[in-house]
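K.L.:
Sharing data38.cif below, mmCIF, C-alpha atoms and all ligand atoms:
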data_entry
#
loop_
_atom_site.label_atom_id
_atom_site.label_comp_id
_atom_site.auth_asym_id
_atom_site.auth_seq_id
_atom_site.Cartn_x
_atom_site.Cartn_y
_atom_site.Cartn_z
CA MET A 1252 -128.20 -57.28 -0.75
CA LEU A 1253 -128.81 -53.58 -0.16
CA GLY A 1254 -132.40 -53.68 -1.34
CA PHE A 1255 -133.75 -54.12 2.13
CA LEU A 1256 -132.15 -50.87 3.22
CA ALA A 1257 -134.72 -48.88 1.33
CA ARG A 1258 -137.67 -50.49 3.06
CA GLU A 1259 -138.44 -47.43 5.08
CA ARG A 1260 -136.75 -44.11 5.22
CA SER A 1261 -137.01 -41.23 7.57
CA CYS A 1262 -135.32 -37.98 8.28
CA GLY A 1263 -133.65 -37.57 11.63
CA GLY A 1264 -132.65 -34.51 13.52
CA SER A 1265 -136.03 -33.29 14.68
CA GLY A 1266 -134.78 -33.10 18.24
CA GLY A 1267 -138.06 -34.33 19.60
CA VAL A 1268 -138.75 -37.28 21.79
CA THR A 1269 -139.93 -40.36 20.01
CA GLY A 1270 -140.82 -43.74 21.26
CA GLY A 1271 -140.50 -42.75 24.88
CA ALA A 1272 -144.07 -43.26 25.94
CA ALA A 1273 -143.77 -46.96 25.41
CA PHE A 1274 -140.97 -47.42 27.91
CA SER A 1275 -141.86 -49.20 31.06
CA GLY A 1276 -140.04 -50.41 34.10
CA PRO A 1277 -137.61 -53.22 33.52
CA SER A 1278 -138.40 -54.51 36.97
CA SER A 1279 -141.88 -55.51 35.90
CA GLU A 1280 -141.25 -56.74 32.38
CA ASP A 1281 -140.55 -60.35 33.06
CA VAL A 1282 -143.34 -60.50 35.60
CA ARG A 1283 -145.91 -59.17 33.18
CA ALA A 1284 -144.64 -61.52 30.53
CA SER A 1285 -145.22 -64.60 32.60
CA GLY A 1286 -148.64 -65.24 31.10
CA PRO A 1287 -151.12 -67.30 33.05
CA ARG A 1288 -150.08 -67.45 36.66
CA THR A 1289 -149.28 -70.95 37.77
CA GLY A 1290 -147.99 -70.31 41.22
CA GLY A 1291 -145.48 -67.65 40.40
CA GLU A 1292 -142.67 -67.14 37.98
CA GLY A 1293 -142.60 -69.64 35.17
CA ARG A 1294 -139.33 -71.45 34.77
CA TRP A 1295 -139.09 -70.65 31.12
CA HIS A 1296 -138.34 -67.00 31.58
CA ALA A 1297 -136.55 -66.98 34.90
CA GLY A 1298 -133.61 -64.66 34.79
CA ARG A 1299 -133.96 -63.84 31.14
CA VAL A 1300 -133.80 -60.10 31.46
CA PRO A 1301 -130.35 -58.82 30.61
CA GLU A 1302 -128.96 -57.05 33.67
CA LEU A 1303 -126.14 -54.57 34.01
CA PRO A 1304 -123.26 -56.99 33.23
CA GLU A 1305 -124.99 -58.27 30.11
CA VAL A 1306 -125.83 -54.77 28.85
CA GLU A 1307 -122.32 -53.56 29.65
CA THR A 1308 -120.88 -56.50 27.69
CA VAL A 1309 -123.09 -55.57 24.73
CA ARG A 1310 -121.99 -51.94 25.07
CA ARG A 1311 -118.33 -52.90 24.97
CA GLY A 1312 -118.89 -55.10 21.94
CA LEU A 1313 -120.85 -52.43 20.15
CA GLU A 1314 -118.52 -49.50 20.76
CA PRO A 1315 -115.75 -50.37 18.30
CA LEU A 1316 -118.27 -51.33 15.64
CA VAL A 1317 -120.40 -48.18 15.59
CA VAL A 1318 -118.51 -45.19 17.03
CA GLY A 1319 -117.63 -42.79 14.20
CA ARG A 1320 -120.09 -44.41 11.83
CA ARG A 1321 -122.94 -42.46 10.28
CA ILE A 1322 -126.40 -44.02 10.41
CA VAL A 1323 -127.50 -43.89 6.78
CA ASP A 1324 -130.75 -45.81 6.97
CA GLY A 1325 -132.96 -47.46 9.51
CA TRP A 1326 -136.20 -49.25 10.15
CA GLY A 1327 -138.35 -50.03 13.14
CA HIS A 1328 -141.21 -52.45 13.52
CA PRO A 1329 -144.34 -50.30 13.32
CA SER A 1330 -145.23 -50.69 16.98
CA ALA A 1331 -144.74 -47.89 19.49
CA LYS A 1332 -141.85 -49.83 21.00
CA PHE A 1333 -139.67 -49.85 17.91
CA ALA A 1334 -140.96 -47.33 15.37
CA ALA A 1335 -138.61 -44.62 16.67
CA ALA A 1336 -135.61 -46.55 15.36
CA ARG A 1337 -135.74 -44.74 12.05
CA ASP A 1338 -135.52 -41.34 13.76
CA ALA A 1339 -131.86 -42.10 14.45
CA VAL A 1340 -131.05 -41.93 10.73
CA GLY A 1341 -128.74 -39.09 9.69
CA PRO A 1342 -126.24 -38.36 12.46
CA ARG A 1343 -122.95 -39.95 13.29
CA VAL A 1344 -122.46 -42.09 16.39
CA GLU A 1345 -120.21 -40.35 18.91
CA ALA A 1346 -120.21 -42.80 21.80
CA VAL A 1347 -121.97 -45.81 23.26
CA GLY A 1348 -122.85 -45.44 26.93
CA ARG A 1349 -125.01 -47.21 29.44
CA ARG A 1350 -127.19 -46.33 32.41
CA GLY A 1351 -128.37 -49.32 34.39
CA LYS A 1352 -129.81 -51.70 31.82
CA TYR A 1353 -130.23 -49.02 29.13
CA LEU A 1354 -127.87 -48.56 26.21
CA LEU A 1355 -127.34 -44.90 25.32
CA VAL A 1356 -125.99 -44.28 21.83
CA ASP A 1357 -124.85 -40.64 21.62
CA LEU A 1358 -125.54 -39.09 18.23
CA ASP A 1359 -123.67 -36.03 16.98
CA ASP A 1360 -126.85 -33.97 16.71
CA ARG A 1361 -127.26 -33.87 20.49
CA ARG A 1362 -129.70 -36.70 20.59
CA GLN A 1363 -129.48 -40.17 22.05
CA LEU A 1364 -130.69 -43.44 20.69
CA VAL A 1365 -131.88 -45.34 23.76
CA VAL A 1366 -132.19 -49.13 23.54
CA HIS A 1367 -133.57 -51.40 26.23
CA LEU A 1368 -133.15 -55.09 25.48
CA GLY A 1369 -136.21 -56.14 27.49
CA MET A 1370 -136.29 -59.88 28.01
CA THR A 1371 -135.00 -61.35 24.79
CA GLY A 1372 -133.39 -58.46 22.90
CA GLN A 1373 -130.11 -59.08 21.09
CA LEU A 1374 -128.05 -56.45 19.28
CA ARG A 1375 -125.74 -57.71 16.57
CA LEU A 1376 -124.27 -56.81 13.24
CA ARG A 1377 -126.24 -58.46 10.49
CA SER A 1378 -124.39 -61.42 9.20
CA GLY A 1379 -126.63 -62.58 6.37
CA PRO A 1380 -129.64 -61.53 4.33
CA ASP A 1381 -132.64 -59.94 6.00
CA VAL A 1382 -134.72 -63.05 6.63
CA ASP A 1383 -134.97 -63.13 10.42
CA PRO A 1384 -138.62 -62.46 11.36
CA TYR A 1385 -137.64 -61.47 14.90
CA VAL A 1386 -135.63 -58.41 13.89
CA ARG A 1387 -137.61 -55.43 15.26
CA ALA A 1388 -135.26 -52.63 14.24
CA TRP A 1389 -132.09 -52.09 12.23
CA TRP A 1390 -129.68 -49.32 11.45
CA ALA A 1391 -127.49 -49.28 8.36
CA LEU A 1392 -124.05 -47.75 8.88
CA ASP A 1393 -121.92 -45.89 6.36
CA ASP A 1394 -119.35 -48.67 6.30
CA GLY A 1395 -121.91 -51.14 4.99
CA GLY A 1396 -122.59 -52.78 8.33
CA VAL A 1397 -126.13 -53.18 9.58
CA LEU A 1398 -126.81 -53.18 13.29
CA GLU A 1399 -129.98 -55.03 14.15
CA LEU A 1400 -132.12 -55.53 17.21
CA ARG A 1401 -133.57 -59.02 17.35
CA ASP A 1402 -136.23 -59.46 20.00
CA VAL A 1403 -138.39 -62.57 19.96
CA ARG A 1404 -140.78 -61.55 22.72
CA ARG A 1405 -140.82 -57.83 21.95
CA PHE A 1406 -140.27 -56.52 25.46
CA GLY A 1407 -137.40 -54.39 24.23
CA ARG A 1408 -137.77 -50.69 23.48
CA VAL A 1409 -136.19 -48.09 21.24
CA ALA A 1410 -136.41 -44.32 21.71
CA VAL A 1411 -134.64 -41.26 20.34
CA VAL A 1412 -134.47 -38.35 22.79
CA PRO A 1413 -132.54 -35.13 23.24
CA ALA A 1414 -129.26 -36.08 24.94
CA GLU A 1415 -129.62 -36.81 28.65
CA GLU A 1416 -133.24 -35.67 28.64
CA TRP A 1417 -135.02 -38.69 29.96
CA ALA A 1418 -138.22 -37.18 31.30
CA ALA A 1419 -140.13 -39.16 28.69
CA LEU A 1420 -138.46 -42.33 29.94
CA PRO A 1421 -139.57 -42.40 33.58
CA THR A 1422 -137.92 -45.68 34.50
CA LEU A 1423 -134.59 -44.54 33.14
CA ALA A 1424 -134.93 -41.12 34.73
CA ALA A 1425 -135.84 -42.50 38.15
CA GLN A 1426 -132.96 -44.97 38.40
CA GLY A 1427 -130.62 -44.86 41.32
CA PRO A 1428 -126.89 -44.29 40.92
CA GLU A 1429 -124.59 -46.60 39.02
CA PRO A 1430 -123.05 -49.20 41.34
CA TRP A 1431 -119.61 -47.59 41.03
CA ASP A 1432 -120.77 -44.00 41.37
CA PRO A 1433 -118.20 -42.47 43.75
CA GLU A 1434 -121.03 -40.63 45.46
CA LEU A 1435 -122.74 -43.89 46.38
CA ASP A 1436 -121.26 -45.05 49.67
CA ASP A 1437 -122.40 -47.51 52.33
CA ASP A 1438 -124.41 -44.88 54.11
CA GLY A 1439 -125.96 -43.75 50.83
CA LEU A 1440 -127.25 -47.21 49.97
CA TRP A 1441 -128.57 -47.63 53.52
CA ARG A 1442 -130.46 -44.34 53.26
CA ARG A 1443 -131.84 -45.25 49.86
CA LEU A 1444 -133.05 -48.61 51.12
CA ARG A 1445 -134.75 -46.88 54.04
CA ARG A 1446 -137.00 -44.90 51.71
CA SER A 1447 -139.29 -47.85 51.21
CA ARG A 1448 -140.54 -50.73 53.32
CA VAL A 1449 -140.92 -53.22 50.50
CA HIS A 1450 -138.77 -56.35 50.58
CA VAL A 1451 -135.12 -55.52 50.07
CA LYS A 1452 -134.83 -57.69 46.97
CA THR A 1453 -137.89 -56.07 45.42
CA GLN A 1454 -136.37 -52.68 46.14
CA LEU A 1455 -133.22 -53.68 44.31
CA LEU A 1456 -135.26 -54.86 41.33
CA SER A 1457 -137.04 -51.48 41.24
CA GLN A 1458 -133.70 -49.91 40.15
CA ARG A 1459 -134.27 -47.04 42.57
CA PRO A 1460 -131.66 -47.72 45.26
CA ILE A 1461 -129.03 -48.66 42.65
CA ALA A 1462 -129.19 -49.12 38.88
CA GLY A 1463 -128.80 -52.29 36.86
CA VAL A 1464 -129.56 -55.12 39.28
CA GLY A 1465 -132.04 -57.82 38.26
CA ASN A 1466 -133.06 -61.21 39.53
CA ILE A 1467 -129.78 -63.06 39.05
CA TYR A 1468 -127.40 -60.55 40.57
CA ALA A 1469 -129.83 -59.62 43.37
CA ASP A 1470 -130.03 -63.25 44.50
CA GLU A 1471 -126.26 -63.62 44.27
CA ALA A 1472 -125.46 -60.44 46.20
CA LEU A 1473 -128.05 -61.02 48.94
CA TRP A 1474 -126.79 -64.57 49.43
CA ARG A 1475 -123.17 -63.45 49.63
CA ALA A 1476 -124.10 -60.63 52.00
CA GLY A 1477 -126.15 -62.98 54.23
CA ILE A 1478 -129.32 -60.92 53.90
CA HIS A 1479 -132.75 -62.52 53.59
CA PRO A 1480 -134.39 -61.13 50.45
CA ALA A 1481 -137.69 -60.57 52.25
CA ARG A 1482 -136.25 -58.25 54.90
CA ARG A 1483 -137.96 -54.88 54.98
CA THR A 1484 -135.16 -53.06 56.76
CA VAL A 1485 -131.42 -53.57 56.78
CA THR A 1486 -128.82 -52.34 59.24
CA LYS A 1487 -126.01 -50.04 58.22
CA ALA A 1488 -123.61 -52.96 58.43
CA GLN A 1489 -125.83 -55.04 56.16
CA ALA A 1490 -126.12 -52.20 53.65
CA ALA A 1491 -122.34 -51.93 53.58
CA ARG A 1492 -121.96 -55.67 52.96
CA LEU A 1493 -124.68 -55.58 50.33
CA LEU A 1494 -123.05 -52.74 48.41
CA ALA A 1495 -119.71 -54.53 48.43
CA GLU A 1496 -121.26 -57.79 47.25
CA LEU A 1497 -123.36 -56.08 44.58
CA ARG A 1498 -120.22 -54.51 43.19
CA THR A 1499 -118.40 -57.84 43.36
CA VAL A 1500 -121.05 -59.88 41.57
CA LEU A 1501 -121.62 -57.22 38.90
CA GLU A 1502 -117.88 -56.84 38.25
CA HIS A 1503 -117.57 -60.60 38.09
CA GLY A 1504 -120.50 -60.75 35.66
CA ILE A 1505 -118.87 -58.18 33.39
CA ALA A 1506 -115.51 -59.93 33.55
CA ASN A 1507 -117.27 -63.13 32.48
CA GLY A 1508 -119.05 -61.46 29.58
CA GLY A 1509 -122.47 -61.76 31.26
CA THR A 1510 -124.73 -64.62 32.23
CA THR A 1511 -126.32 -66.62 29.41
CA LEU A 1512 -129.22 -68.75 30.61
CA ARG A 1513 -131.19 -68.65 27.42
CA ASP A 1514 -131.47 -65.63 25.15
CA TYR A 1515 -128.70 -63.29 26.09
CA ARG A 1516 -125.90 -63.11 23.53
CA THR A 1517 -122.89 -60.91 23.07
CA VAL A 1518 -122.74 -58.69 19.98
CA ASP A 1519 -120.71 -61.31 18.14
CA GLY A 1520 -123.31 -63.97 18.95
CA GLY A 1521 -121.35 -65.63 21.72
CA GLU A 1522 -122.56 -66.65 25.16
CA GLY A 1523 -121.44 -65.25 28.49
CA ARG A 1524 -119.63 -67.46 30.97
CA ASN A 1525 -120.99 -66.18 34.27
CA GLN A 1526 -123.70 -68.86 34.47
CA LEU A 1527 -120.92 -71.31 35.28
CA GLU A 1528 -119.98 -69.38 38.39
CA LEU A 1529 -123.29 -68.58 40.07
CA GLY A 1530 -123.28 -69.55 43.72
CA CYS A 1531 -126.96 -69.16 44.56
CA TYR A 1532 -129.19 -68.23 41.64
CA GLY A 1533 -130.69 -71.31 39.99
CA ARG A 1534 -129.20 -73.70 42.57
CA ALA A 1535 -132.35 -74.40 44.66
CA GLY A 1536 -132.22 -77.93 46.07
CA LEU A 1537 -128.43 -78.02 45.95
CA PRO A 1538 -126.22 -77.53 49.01
CA CYS A 1539 -125.14 -73.99 49.88
CA LEU A 1540 -121.51 -73.55 48.87
CA ARG A 1541 -120.83 -71.74 52.13
CA CYS A 1542 -122.62 -73.87 54.75
CA GLY A 1543 -124.01 -76.98 53.07
CA THR A 1544 -127.67 -76.25 53.85
CA GLU A 1545 -130.03 -77.03 50.99
CA LEU A 1546 -130.82 -73.83 49.09
CA ARG A 1547 -134.53 -72.97 48.91
CA ARG A 1548 -136.61 -71.42 46.19
CA ILE A 1549 -139.41 -69.08 47.21
CA VAL A 1550 -141.61 -66.71 45.25
CA LEU A 1551 -141.15 -63.17 46.52
CA ASP A 1552 -143.39 -60.47 45.05
CA ALA A 1553 -143.95 -62.73 42.03
CA ARG A 1554 -140.24 -63.28 41.44
CA GLY A 1555 -138.54 -66.64 41.82
CA THR A 1556 -135.91 -66.26 44.51
CA THR A 1557 -133.20 -68.62 45.72
CA LEU A 1558 -131.76 -68.31 49.22
CA CYS A 1559 -129.94 -70.18 51.96
CA PRO A 1560 -132.09 -70.47 55.10
CA THR A 1561 -128.96 -70.65 57.25
CA CYS A 1562 -126.79 -67.93 55.72
CA GLN A 1563 -129.75 -65.60 55.15
CA PRO A 1564 -131.86 -65.68 58.32
CA ARG A 1565 -135.25 -64.00 58.09
CA ARG A 1566 -135.12 -62.20 61.47
ZN ZN A 1601 -125.61 -71.25 53.51
#
Could you write out this structure as structure tokens?

P.N.:
Amino acid sequence: MLGFLARERSCGGSGGVTGGAAFSGPSSEDVRASGPRTGGEGRWHAGRVPELPEVETVRRGLEPLVVGRRIVDGWGHPSAKFAAARDAVGPRVEAVGRRGKYLLVDLDDRRQLVVHLGMTGQLRLRSGPDVDPYVRAWWALDDGGVLELRDVRRFGRVAVVPAEEWAALPTLAAQGPEPWDPELDDDGLWRRLRRSRVHVKTQLLSQRPIAGVGNIYADEALWRAGIHPARRTVTKAQAARLLAELRTVLEHGIANGGTTLRDYRTVDGGEGRNQLELGCYGRAGLPCLRCGTELRRIVLDARGTTLCPTCQPRR
């Protein structure tokens, strides 16, 4: 059973940045992946990108399994997106953190293993023999466990960087504050949203005003806050409502173990439960739970978007 561990070996500890150049913005991944354009976002990948609650759920599942363990072997698919996986071999895992949608595995040689799940990435402990063709990277631990990254569509990324030095990962480095950052207040979100005139939902998806929000939680929060996603400016009062609702929907998502629409799985292979509690996202054609108006689906900057024309006036 351990034969596969010797497939490729590498020494870690170089301290250099590896794999970083291949990182790209999570906000554009599922758009680029949509293939031939047929009038906007294809239904098959809508909402498939793990967002903050899904990544946080993975982080919490991973933490007790890997902290304190030494990475004794590793392998990455020989593409620029995954090859850096083997550079994490050698050190011990000190902590598992998260920034936005990025997992940050702190290594005890002052480096970080950065993992972005992309659209279809799943992290799990290997349960059987190495026969899954969609595994793009794995790390063998000193307790015999093997952590593997399965990623059917290969929009995930792996990098090993000096701790907290993310210059080589521009999307990670440019992210706005975490939603619960005590320094992010109503006024702060309002000022951040004022920096750009693109549609407010598109701004949220850019990760710059606030980290971790994707299509599902943006639709939910904007609906709850009564803000049309295509607004280009918001008032201070709207920004305050939006921040409160973003925090609410993200906290709810975490409490529910994330939203599983298709690919997202927890570390133990389970599904989240938040999909059962969405009020807006994915409910186009159904009555608004607040006012009864039929929810509409529009395509906004190439992203499928659900809204209530009554609760979220355009003006
Ligand atoms: Zn409504």

K.L.:
With distances taken over only C-alpha atoms, which residue among A:Pro1384, A:Gly1348, A:Gly1439, A:Pro1480 lies nearest Lys1452 (chain A)?

P.N.:
A:Pro1480

K.L.:
Taking all atoms listed in the file into account, which residues have an atom no farther than 9 Å from ligand ZN 1601 (chain A)? I'd like them as a ChimeraX atom specification.

P.N.:
/A:1474,1477,1538-1546,1558-1563

K.L.:
Which residues, protein or nucleic acid, reach to within 9 Å of (-125.2, -46.2, 26.6) in the file's coordinates when using all atoms listed in the file, and can you give that as a list of chain:residue names?

P.N.:
A:Val1306, A:Glu1307, A:Arg1310, A:Ala1346, A:Val1347, A:Gly1348, A:Arg1349, A:Arg1350, A:Gly1351, A:Lys1352, A:Tyr1353, A:Leu1354, A:Leu1355, A:Val1356, A:Asp1357, A:Gln1363, A:Leu1364, A:Val1365, A:Val1366

K.L.:
With distances taken over all atoms listed in the file, which of A:Arg1401, A:Arg1362, A:Lys1332, A:Arg1482 is nearest to Asp1381 (chain A)?

P.N.:
A:Arg1401

K.L.:
Could you please determine the separation between CA of Leu1435 (chain A) and CA of Gly1504 (chain A) in Å, to one decimal place?

P.N.:
20.1 Å

K.L.:
Distance CA of Asp1432 (chain A)-CA of Asn1466 (chain A), one decimal place?

P.N.:
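CA of Asn1466 (chain A) lies 21.2 Å from CA of Asp1432 (chain A).
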
K.L.:
Hey, can you check how far CA of Leu1493 (chain A) sits from CA of Pro1421 (chain A)?

P.N.:
26.0 Å

K.L.:
How big is the axis-aligned box around all listed atoms of region 1453-1458 of chain A once 3 Å goes on each side, and where's its centre, in Å to one decimal, as JSON?

P.N.:
{"center_x": -135.6, "center_y": -53.0, "center_z": 43.1, "size_x": 10.7, "size_y": 12.2, "size_z": 12.0}

K.L.:
For region 1520-1529 of chain A, please output as a list in words all residues within 9 Å (counting all atoms listed in the file; exclusion window: fewer than 6 positions along the same chain).

P.N.:
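Residues near the query, excluding close chain neighbours: Glu1305, Thr1308, Gln1373, Leu1374, Arg1375, Ile1467, Glu1471, His1503, Gly1504, Ile1505, Ala1506, Asn1507, Gly1508, Gly1509, Thr1510, Thr1511, Leu1512 and Asp1514 of chain A.
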